[in-house]
file data32.csv (CSV, C-alpha atoms)
chain,number,residue,atom,x,y,z
D,1,MET,CA,-41.7,-0.1,-12.4
D,2,SER,CA,-42.7,-0.9,-16.0
D,3,GLN,CA,-41.6,2.6,-17.2
D,4,GLU,CA,-38.1,2.0,-16.0
D,5,PRO,CA,-35.6,1.7,-18.9
D,6,ARG,CA,-35.0,-1.9,-19.8
D,7,GLY,CA,-31.3,-1.3,-19.6
D,8,LEU,CA,-31.2,-0.3,-16.0
D,9,GLU,CA,-33.0,-3.4,-14.9
D,10,GLU,CA,-30.5,-5.5,-16.7
D,11,LEU,CA,-27.7,-3.6,-15.2
D,12,LEU,CA,-29.1,-4.1,-11.7
D,13,ALA,CA,-29.6,-7.7,-12.4
D,14,ARG,CA,-25.9,-8.0,-13.0
D,15,PHE,CA,-25.2,-6.0,-9.9
D,16,ARG,CA,-27.2,-8.1,-7.5
D,17,TYR,CA,-25.7,-11.2,-6.0
D,18,ARG,CA,-27.1,-14.6,-6.8
D,19,PRO,CA,-25.6,-17.7,-5.3
D,20,ASP,CA,-26.0,-19.6,-8.6
D,21,GLU,CA,-24.4,-16.9,-10.8
D,22,GLU,CA,-21.7,-17.9,-13.2
D,23,SER,CA,-18.2,-17.6,-11.9
D,24,GLY,CA,-16.4,-19.7,-14.4
D,25,GLY,CA,-14.6,-16.8,-16.1
D,26,LEU,CA,-12.6,-16.4,-12.9
D,27,ALA,CA,-10.7,-19.6,-13.4
D,28,GLN,CA,-7.4,-17.9,-13.6
D,29,ILE,CA,-7.7,-16.7,-10.0
D,30,PRO,CA,-6.8,-19.4,-7.7
D,31,THR,CA,-9.7,-19.9,-5.3
D,32,GLN,CA,-11.9,-22.5,-3.6
D,33,THR,CA,-15.6,-22.6,-3.4
D,34,VAL,CA,-17.4,-21.2,-0.4
D,35,GLU,CA,-18.8,-24.5,0.8
D,36,PRO,CA,-16.3,-26.9,2.5
D,37,ASP,CA,-15.4,-29.5,0.0
D,38,GLN,CA,-16.0,-32.8,1.7
D,39,GLU,CA,-18.2,-33.9,4.5
D,40,PRO,CA,-16.9,-36.8,6.6
D,41,ARG,CA,-18.5,-40.0,5.4
D,42,ALA,CA,-20.6,-42.3,7.5
D,43,ASP,CA,-17.9,-44.9,7.9
D,44,GLU,CA,-15.2,-42.4,8.5
D,45,LEU,CA,-13.8,-41.3,11.9
D,46,GLN,CA,-12.1,-37.9,12.4
D,47,LEU,CA,-9.3,-38.2,14.9
D,48,LEU,CA,-7.4,-35.3,16.6
D,49,THR,CA,-3.9,-36.6,17.0
D,50,PHE,CA,-1.6,-35.2,19.6
D,51,GLY,CA,1.7,-36.1,21.3
D,52,LEU,CA,2.5,-36.6,24.9
D,53,GLY,CA,6.1,-37.2,26.0
D,54,ALA,CA,7.4,-39.8,23.5
D,55,GLY,CA,4.0,-41.2,22.6
D,56,GLU,CA,1.4,-40.3,20.1
D,57,TYR,CA,-2.2,-40.4,20.9
D,58,ALA,CA,-5.6,-39.5,19.3
D,59,VAL,CA,-9.1,-38.7,20.4
D,60,ALA,CA,-12.3,-38.5,18.4
D,61,LEU,CA,-12.5,-35.0,17.0
D,62,GLY,CA,-16.1,-34.5,18.1
D,63,THR,CA,-15.2,-34.8,21.8
D,64,VAL,CA,-12.9,-31.7,21.7
D,65,THR,CA,-14.6,-28.4,21.6
D,66,GLU,CA,-11.6,-26.2,21.5
D,67,ILE,CA,-7.8,-26.2,21.4
D,68,LEU,CA,-6.1,-23.5,23.4
D,69,ARG,CA,-2.5,-22.5,23.3
D,70,ALA,CA,-1.2,-23.5,26.7
D,71,ARG,CA,-1.0,-20.6,29.1
D,72,THR,CA,-0.1,-20.1,32.7
D,73,LEU,CA,-2.9,-21.5,34.9
D,74,THR,CA,-4.3,-20.3,38.1
D,75,GLU,CA,-3.0,-22.5,40.9
D,76,ILE,CA,-5.2,-24.4,43.3
D,77,PRO,CA,-3.6,-24.7,46.8
D,78,ARG,CA,-2.6,-28.3,47.5
D,79,ALA,CA,-3.8,-29.5,44.1
D,80,ARG,CA,-2.7,-33.0,43.5
D,81,PRO,CA,-2.0,-34.7,40.2
D,82,PRO,CA,-3.6,-35.0,37.8
D,83,LEU,CA,-5.1,-31.6,38.5
D,84,LEU,CA,-2.7,-28.9,37.2
D,85,GLY,CA,-4.8,-25.8,37.9
D,86,VAL,CA,-7.7,-23.9,36.6
D,87,LEU,CA,-8.3,-21.7,33.6
D,88,ASN,CA,-10.8,-18.9,33.0
D,89,LEU,CA,-12.3,-19.9,29.7
D,90,ARG,CA,-14.4,-16.9,28.7
D,91,GLY,CA,-15.9,-16.7,32.1
D,92,THR,CA,-16.2,-20.4,32.8
D,93,ILE,CA,-13.7,-21.8,35.3
D,94,THR,CA,-12.2,-24.8,33.6
D,95,PRO,CA,-9.9,-27.3,35.4
D,96,VAL,CA,-6.9,-28.5,33.5
D,97,TYR,CA,-5.6,-32.0,34.0
D,98,ASP,CA,-2.4,-33.9,33.2
D,99,PRO,CA,-3.3,-37.1,31.3
D,100,SER,CA,0.1,-38.8,31.8
D,101,LEU,CA,-0.9,-40.2,35.2
D,102,ARG,CA,-3.9,-42.0,33.6
D,103,LEU,CA,-1.8,-43.2,30.7
D,104,GLY,CA,0.9,-44.5,33.1
D,105,ILE,CA,3.7,-42.6,31.5
D,106,PRO,CA,6.1,-40.1,33.2
D,107,SER,CA,4.7,-36.6,33.3
D,108,THR,CA,6.2,-34.1,30.9
D,109,VAL,CA,4.1,-31.1,32.1
D,110,PRO,CA,6.3,-28.4,33.5
D,111,PRO,CA,5.1,-26.4,36.5
D,112,CYS,CA,2.5,-24.3,34.9
D,113,ALA,CA,0.2,-22.9,37.6
D,114,GLY,CA,0.8,-19.8,39.6
D,115,PRO,CA,2.5,-16.5,38.9
D,116,ASP,CA,6.0,-17.7,39.5
D,117,CYS,CA,6.3,-20.4,36.9
D,118,ALA,CA,7.9,-20.0,33.5
D,119,PRO,CA,5.7,-19.6,30.4
D,120,PRO,CA,4.7,-23.0,29.0
D,121,PRO,CA,6.6,-24.4,26.1
D,122,ARG,CA,5.4,-23.1,22.7
D,123,PRO,CA,4.0,-26.3,21.2
D,124,ALA,CA,2.0,-27.2,24.3
D,125,ARG,CA,-1.8,-27.1,23.9
D,126,ILE,CA,-4.9,-27.5,26.1
D,127,LEU,CA,-7.7,-29.6,24.6
D,128,VAL,CA,-11.0,-28.5,26.0
D,129,VAL,CA,-13.3,-31.4,26.4
D,130,ARG,CA,-17.0,-31.3,27.3
D,131,THR,CA,-17.8,-33.5,30.3
D,132,ALA,CA,-20.9,-34.0,32.5
D,133,LEU,CA,-19.5,-31.5,34.9
D,134,GLY,CA,-18.8,-28.8,32.4
D,135,PRO,CA,-15.7,-28.1,30.3
D,136,ALA,CA,-12.4,-29.5,31.3
D,137,GLY,CA,-8.9,-29.2,29.8
D,138,VAL,CA,-6.4,-31.8,29.0
D,139,TRP,CA,-2.8,-30.7,28.8
D,140,VAL,CA,-0.9,-32.1,25.8
D,141,ASP,CA,2.7,-31.5,24.6
D,142,ARG,CA,1.8,-31.0,20.9
D,143,VAL,CA,-1.1,-31.3,18.6
D,144,ARG,CA,-0.4,-32.9,15.2
D,145,GLY,CA,-3.7,-32.4,13.3
D,146,VAL,CA,-6.8,-34.1,12.2
D,147,GLN,CA,-6.7,-37.5,10.6
D,148,ARG,CA,-9.5,-39.2,8.7
D,149,VAL,CA,-9.7,-42.9,9.4
D,150,ARG,CA,-12.0,-45.6,8.1
D,151,THR,CA,-13.8,-47.2,11.1
D,152,GLY,CA,-12.4,-50.6,10.0
D,153,GLY,CA,-8.8,-49.2,10.0
D,154,LEU,CA,-8.8,-49.0,13.8
D,155,GLU,CA,-7.4,-52.0,15.7
D,156,ARG,CA,-9.7,-52.7,18.6
D,157,PRO,CA,-8.7,-54.5,21.8
D,158,ARG,CA,-9.8,-58.1,21.6
D,159,GLY,CA,-11.8,-58.2,24.8
D,160,GLY,CA,-13.7,-55.0,24.1
D,161,PRO,CA,-12.6,-51.5,25.3
D,162,THR,CA,-10.1,-51.7,28.1
D,163,GLY,CA,-10.1,-48.7,30.3
D,164,GLY,CA,-10.3,-45.7,28.1
D,165,VAL,CA,-8.3,-47.1,25.2
D,166,ILE,CA,-10.6,-47.4,22.2
D,167,GLY,CA,-8.1,-48.8,19.7
D,168,LEU,CA,-4.8,-48.6,18.0
D,169,LEU,CA,-4.2,-46.8,14.8
D,170,ARG,CA,-1.2,-47.9,12.7
D,171,THR,CA,0.1,-45.4,10.2
D,172,ALA,CA,3.3,-45.0,8.3
D,173,GLU,CA,4.8,-42.8,11.0
D,174,GLY,CA,4.0,-45.3,13.8
D,175,SER,CA,1.1,-46.3,15.9
D,176,ARG,CA,-1.2,-44.0,17.8
D,177,THR,CA,-3.4,-45.0,20.8
D,178,VAL,CA,-6.9,-43.7,20.4
D,179,VAL,CA,-8.3,-42.9,23.9
D,180,ASP,CA,-11.5,-41.7,25.4
D,181,PRO,CA,-10.8,-38.1,26.6
D,182,GLU,CA,-13.3,-38.4,29.5
D,183,TRP,CA,-11.4,-41.4,30.8
D,184,LEU,CA,-8.3,-39.3,30.9
D,185,LEU,CA,-9.9,-37.0,33.4
D,186,ARG,CA,-11.6,-39.6,35.6
F,1,MET,CA,-42.2,-6.1,-12.6
F,2,SER,CA,-43.6,-6.3,-9.1
F,3,ALA,CA,-41.0,-8.8,-8.2
F,4,GLU,CA,-38.3,-6.2,-8.7
F,5,PRO,CA,-37.4,-4.7,-5.3
F,6,GLN,CA,-37.5,-0.9,-5.2
F,7,THR,CA,-34.4,-0.4,-3.2
F,8,LEU,CA,-30.8,-1.5,-3.5
F,9,ASP,CA,-28.5,-2.0,-0.6
F,10,VAL,CA,-25.0,-1.1,-1.5
F,11,CYS,CA,-21.7,-1.7,0.4
F,12,ALA,CA,-19.7,1.4,-0.6
F,13,PHE,CA,-16.0,1.8,-0.4
F,14,TRP,CA,-13.3,4.1,-1.6
F,15,VAL,CA,-10.9,3.3,-4.4
F,16,GLY,CA,-8.7,6.2,-5.3
F,17,GLU,CA,-10.8,9.4,-5.4
F,18,ALA,CA,-14.1,7.8,-6.1
F,19,ILE,CA,-16.7,5.8,-4.2
F,20,TYR,CA,-17.7,2.4,-5.6
F,21,GLY,CA,-20.3,0.0,-4.5
F,22,ILE,CA,-21.1,-3.7,-4.6
F,23,ASP,CA,-24.3,-5.5,-3.5
F,24,VAL,CA,-24.2,-6.0,0.3
F,25,ALA,CA,-25.4,-9.6,-0.3
F,26,ARG,CA,-22.0,-10.3,-1.8
F,27,VAL,CA,-20.1,-9.2,1.3
F,28,ASP,CA,-19.1,-11.9,3.8
F,29,GLU,CA,-16.7,-10.0,5.9
F,30,ILE,CA,-14.5,-6.9,6.1
F,31,LEU,CA,-10.9,-7.8,7.1
F,32,PRO,CA,-8.8,-5.0,8.6
F,33,ARG,CA,-5.3,-6.4,8.2
F,34,VAL,CA,-4.4,-8.8,5.5
F,35,VAL,CA,-1.0,-9.9,4.5
F,36,PRO,CA,-1.4,-12.1,1.4
F,37,LEU,CA,1.0,-14.7,0.2
F,38,PRO,CA,2.2,-13.8,-3.3
F,39,VAL,CA,1.3,-16.1,-6.1
F,40,ALA,CA,3.9,-16.9,-8.7
F,41,GLU,CA,2.9,-16.1,-12.3
F,42,GLY,CA,-0.4,-14.7,-11.1
F,43,PRO,CA,-2.2,-11.8,-12.8
F,44,ALA,CA,-0.9,-8.4,-12.0
F,45,HIS,CA,-4.0,-7.4,-10.1
F,46,VAL,CA,-3.9,-10.4,-7.8
F,47,GLU,CA,-1.9,-9.5,-4.7
F,48,GLY,CA,-1.8,-13.0,-3.5
F,49,VAL,CA,-3.8,-15.5,-1.5
F,50,VAL,CA,-4.8,-15.7,2.1
F,51,HIS,CA,-6.3,-18.4,4.3
F,52,VAL,CA,-9.7,-17.4,5.6
F,53,GLN,CA,-11.3,-19.9,7.8
F,54,GLY,CA,-9.7,-22.8,6.1
F,55,THR,CA,-10.3,-21.7,2.5
F,56,VAL,CA,-7.8,-20.1,0.2
F,57,VAL,CA,-9.0,-16.7,-1.0
F,58,PRO,CA,-7.3,-14.6,-3.7
F,59,ILE,CA,-6.8,-10.9,-2.9
F,60,VAL,CA,-7.6,-8.7,-5.9
F,61,ASP,CA,-6.2,-5.1,-5.7
F,62,LEU,CA,-9.1,-3.0,-7.1
F,63,ARG,CA,-6.7,0.0,-7.2
F,64,LYS,CA,-5.0,-1.7,-10.1
F,65,LEU,CA,-8.3,-2.4,-12.0
F,66,LEU,CA,-10.0,0.9,-11.4
F,67,PRO,CA,-8.8,4.5,-12.0
F,68,ALA,CA,-6.2,5.2,-9.3
F,69,GLY,CA,-5.9,8.4,-7.5
F,70,THR,CA,-5.2,9.7,-4.0
F,71,PRO,CA,-7.6,8.3,-1.5
F,72,PRO,CA,-9.0,10.6,1.2
F,73,ARG,CA,-6.6,10.9,4.1
F,74,THR,CA,-9.2,9.5,6.5
F,75,ALA,CA,-9.6,6.2,4.5
F,76,LYS,CA,-8.3,3.1,6.2
F,77,PRO,CA,-7.3,0.3,3.8
F,78,LYS,CA,-9.4,-2.8,4.1
F,79,VAL,CA,-10.1,-6.1,2.4
F,80,ILE,CA,-13.7,-6.9,1.5
F,81,LEU,CA,-14.4,-10.6,1.4
F,82,ALA,CA,-17.0,-10.9,-1.3
F,83,ARG,CA,-18.8,-13.7,-3.0
F,84,ILE,CA,-18.9,-14.3,-6.8
F,85,GLY,CA,-21.2,-17.2,-7.4
F,86,ARG,CA,-19.9,-19.9,-5.1
F,87,ARG,CA,-16.4,-18.5,-5.1
F,88,ARG,CA,-14.9,-16.0,-2.7
F,89,VAL,CA,-12.6,-13.2,-3.5
F,90,GLY,CA,-10.9,-10.5,-1.3
F,91,LEU,CA,-11.0,-7.0,-2.7
F,92,ARG,CA,-8.4,-4.6,-1.6
F,93,VAL,CA,-9.9,-1.1,-1.2
F,94,ASP,CA,-8.7,2.2,0.1
F,95,GLY,CA,-11.4,2.5,2.7
F,96,MET,CA,-15.0,1.8,3.6
F,97,ALA,CA,-17.8,4.3,3.0
F,98,GLY,CA,-20.7,2.5,4.7
F,99,VAL,CA,-23.8,0.7,3.6
F,100,ARG,CA,-26.1,2.8,1.6
F,101,ARG,CA,-29.7,2.3,0.4
F,102,TYR,CA,-30.7,3.6,-2.9
F,103,THR,CA,-34.1,3.6,-4.7
F,104,VAL,CA,-34.1,2.6,-8.3
F,105,ALA,CA,-35.0,6.1,-9.3
F,106,GLU,CA,-31.7,7.4,-7.9
F,107,ILE,CA,-29.7,5.2,-10.2
F,108,ARG,CA,-28.8,6.1,-13.7
F,109,PRO,CA,-27.1,3.6,-16.0
F,110,GLY,CA,-23.7,3.9,-17.5
F,111,GLY,CA,-20.4,5.3,-16.5
F,112,SER,CA,-17.2,6.1,-18.2
F,113,VAL,CA,-15.2,3.6,-16.2
F,114,PRO,CA,-15.0,0.0,-17.4
F,115,GLY,CA,-16.7,-2.4,-15.0
F,116,VAL,CA,-19.1,0.3,-13.7
F,117,LEU,CA,-22.7,-0.6,-14.4
F,118,ALA,CA,-24.5,2.4,-13.1
F,119,VAL,CA,-24.0,5.6,-11.0
F,120,THR,CA,-26.2,6.7,-8.2
F,121,ALA,CA,-27.3,10.3,-7.6
F,122,ASP,CA,-24.5,10.8,-5.0
F,123,GLU,CA,-21.8,9.5,-7.4
F,124,CYS,CA,-21.4,6.0,-6.0
F,125,ARG,CA,-20.4,3.8,-8.9
F,126,LEU,CA,-22.0,0.4,-8.9
F,127,LEU,CA,-19.5,-2.2,-9.9
F,128,ASP,CA,-20.0,-5.2,-12.1
F,129,LEU,CA,-17.7,-7.4,-10.1
F,130,ARG,CA,-18.0,-10.5,-12.2
F,131,GLY,CA,-17.3,-8.6,-15.4
F,132,LEU,CA,-14.5,-6.6,-13.9
F,133,LEU,CA,-12.6,-9.7,-12.8
F,134,ALA,CA,-13.5,-12.0,-15.7
F,135,VAL,CA,-12.5,-9.8,-18.6
F,136,ARG,CA,-8.9,-9.7,-17.7
F,137,ALA,CA,-7.1,-12.0,-20.1
F,138,ALA,CA,-4.2,-13.9,-18.7
F,139,PRO,CA,-0.8,-12.4,-19.6
F,140,PRO,CA,0.9,-14.1,-22.5
F,141,ARG,CA,3.0,-17.0,-21.1
F,142,VAL,CA,6.7,-16.8,-22.1
F,143,PRO,CA,7.8,-20.1,-23.5
F,144,LEU,CA,10.7,-21.7,-21.7

call {"tool": "encode", "arguments": {"input": "data32.csv", "output": "structure tokens"}}
result
Amino acid sequence: MSQEPRGLEELLARFRYRPDEESGGLAQIPTQTVEPDQEPRADELQLLTFGLGAGEYAVALGTVTEILRARTLTEIPRARPPLLGVLNLRGTITPVYDPSLRLGIPSTVPPCAGPDCAPPPRPARILVVRTALGPAGVWVDRVRGVQRVRTGGLERPRGGPTGGVIGLLRTAEGSRTVVDPEWLLR
Amino acid sequence: MSAEPQTLDVCAFWVGEAIYGIDVARVDEILPRVVPLPVAEGPAHVEGVVHVQGTVVPIVDLRKLLPAGTPPRTAKPKVILARIGRRRVGLRVDGMAGVRRYTVAEIRPGGSVPGVLAVTADECRLLDLRGLLAVRAAPPRVPL
């Protein structure tokens, strides 16, 4: 290719994409870089916070594979609490449970299985959790978001973990109970 | 010069009456329907910003930077999510024209349009995306 005009090579070099090329001249356009800005640090914990009835709870983010908008479930005849119904999650039959029984609080989940029930409330979500028996869903009333917490910022129960309660997180808005999602299903 | 690849893969798209192309390696995604959020005091060619997978991406209307005209009736407007260095930018185009492979011999330098580096044998104008977006000076700010 040595007989190619020098100019064309330079033009094509400008045309081709290089990940390290200069993009500083675009500062007037508001943008972010392609790579996510901050990785979670080693001593940091990412918690997915959600609400159930009047209480606020959290689970470790890594335990939740997916958050679904709550939808009408398929009923199971004679299903007893905490089982609410099942859900077809892209071909995998996924049971959905009501965590309020485990937490000892009055249930706030409306009838949500079967064709006759009303559509679920808009803020309701189903957290899909990976368990030893496959994916399972946990019905929650609302999902708040992800919170980064220093591991030391979590108040642990004195006598080690009690039941599925891992700790208590105190924030300006109130305190949240950090629970083990698998315990909610057991 | 053996390191120089012989062919060039180009993502081609319509803007107005002409076909333009950028390096396919720049293209992350083609978004069919995008409603950007307008930016106050932004440059005129920036339609606004959108959230794409958690990052904020500006949408640049290439129709305002390149000679406008009537696009072909079959063209469907799209937004090309392209990379410039480590940044991403969305390019509003009139329609996609496919991915084309050109040999270096099919490309001739130059073009009358600013921002166009070279033109291929079938009149696909190869864009200097970085130059096209960087040369725009910010509009003079009106003092309060």

call {"tool": "interface_residues", "arguments": {"input": "data32.csv", "of": "chain F", "to": "chain D", "cutoff": "6 Å", "atoms": "only C-alpha atoms", "output": "ChimeraX atom specification"}}
result
/F:23,25-26,56-57,85-87,109,117,128,134

call {"tool": "closest_residue", "arguments": {"input": "data32.csv", "among": "F:Ala121, F:Leu31, F:Ala75, F:Val49", "to": "F:Arg108", "atoms": "all atoms listed in the file"}}
result
F:Ala121

call {"tool": "atom_distance", "arguments": {"input": "data32.csv", "atom1": "atom CA of D:Leu83", "atom2": "atom CA of D:Trp183"}}
result
14.0 Å

call {"tool": "residues_around", "arguments": {"input": "data32.csv", "residues": "F:His51", "least_positions_apart": "3", "cutoff": "12 Å", "atoms": "only C-alpha atoms", "output": "VMD selection string"}}
result
(chain D and resid 31 to 32) or (chain F and resid 31 34 to 37 48 54 to 59 81 88 to 90)

call {"tool": "atom_distance", "arguments": {"input": "data32.csv", "atom1": "atom CA of F:Arg101", "atom2": "atom CA of F:Ala82"}}
result
18.4 Å

call {"tool": "atom_distance", "arguments": {"input": "data32.csv", "atom1": "atom CA of F:His45", "atom2": "atom CA of F:Val93"}}
result
12.4 Å

call {"tool": "residues_around", "arguments": {"input": "data32.csv", "residues": "D:Asp98", "least_positions_apart": "6", "cutoff": "9 Å", "atoms": "all atoms listed in the file", "output": "PDB file with C-alpha atoms, in the frame of the given file"}}
result
ATOM      1  CA  PRO D  81      -2.000 -34.700  40.200  1.00  0.00           C
ATOM      2  CA  PRO D  82      -3.600 -35.000  37.800  1.00  0.00           C
ATOM      3  CA  LEU D  83      -5.100 -31.600  38.500  1.00  0.00           C
ATOM      4  CA  LEU D  84      -2.700 -28.900  37.200  1.00  0.00           C
ATOM      5  CA  SER D 107       4.700 -36.600  33.300  1.00  0.00           C
ATOM      6  CA  THR D 108       6.200 -34.100  30.900  1.00  0.00           C
ATOM      7  CA  VAL D 109       4.100 -31.100  32.100  1.00  0.00           C
ATOM      8  CA  GLY D 137      -8.900 -29.200  29.800  1.00  0.00           C
ATOM      9  CA  VAL D 138      -6.400 -31.800  29.000  1.00  0.00           C
ATOM     10  CA  TRP D 139      -2.800 -30.700  28.800  1.00  0.00           C
ATOM     11  CA  VAL D 140      -0.900 -32.100  25.800  1.00  0.00           C
ATOM     12  CA  LEU D 184      -8.300 -39.300  30.900  1.00  0.00           C
ATOM     13  CA  LEU D 185      -9.900 -37.000  33.400  1.00  0.00           C
TER      14      LEU D 185
END

call {"tool": "residues_around", "arguments": {"input": "data32.csv", "residues": "F:Leu91", "least_positions_apart": "2", "cutoff": "6 Å", "atoms": "all atoms listed in the file", "output": "number ranges by chain"}}
result
F: 59-61, 79-80

call {"tool": "closest_residue", "arguments": {"input": "data32.csv", "among": "F:Ile84, F:Cys124, F:Ala68, F:Ala40", "to": "F:Cys11", "atoms": "only C-alpha atoms"}}
result
F:Cys124

call {"tool": "residues_around", "arguments": {"input": "data32.csv", "residues": "F:Pro72", "least_positions_apart": "2", "cutoff": "9 Å", "atoms": "only C-alpha atoms", "output": "number ranges by chain"}}
result
F: 14, 16-17, 70, 74-75, 94-95

call {"tool": "write_last_selection", "arguments": {"input": "data32.csv", "atoms": "C-alpha atoms", "output": "mmCIF file, in the coordinates of the input"}}
result
data_model
loop_
_atom_site.group_PDB
_atom_site.id
_atom_site.type_symbol
_atom_site.label_atom_id
_atom_site.label_comp_id
_atom_site.auth_asym_id
_atom_site.auth_seq_id
_atom_site.Cartn_x
_atom_site.Cartn_y
_atom_site.Cartn_z
ATOM 1 C CA TRP F 14 -13.300 4.100 -1.600
ATOM 2 C CA GLY F 16 -8.700 6.200 -5.300
ATOM 3 C CA GLU F 17 -10.800 9.400 -5.400
ATOM 4 C CA THR F 70 -5.200 9.700 -4.000
ATOM 5 C CA THR F 74 -9.200 9.500 6.500
ATOM 6 C CA ALA F 75 -9.600 6.200 4.500
ATOM 7 C CA ASP F 94 -8.700 2.200 0.100
ATOM 8 C CA GLY F 95 -11.400 2.500 2.700
#

call {"tool": "closest_residue", "arguments": {"input": "data32.csv", "among": "F:Lys78, F:Arg130, F:Arg125, F:Arg100", "to": "F:Asp9", "atoms": "all atoms listed in the file"}}
result
F:Arg100
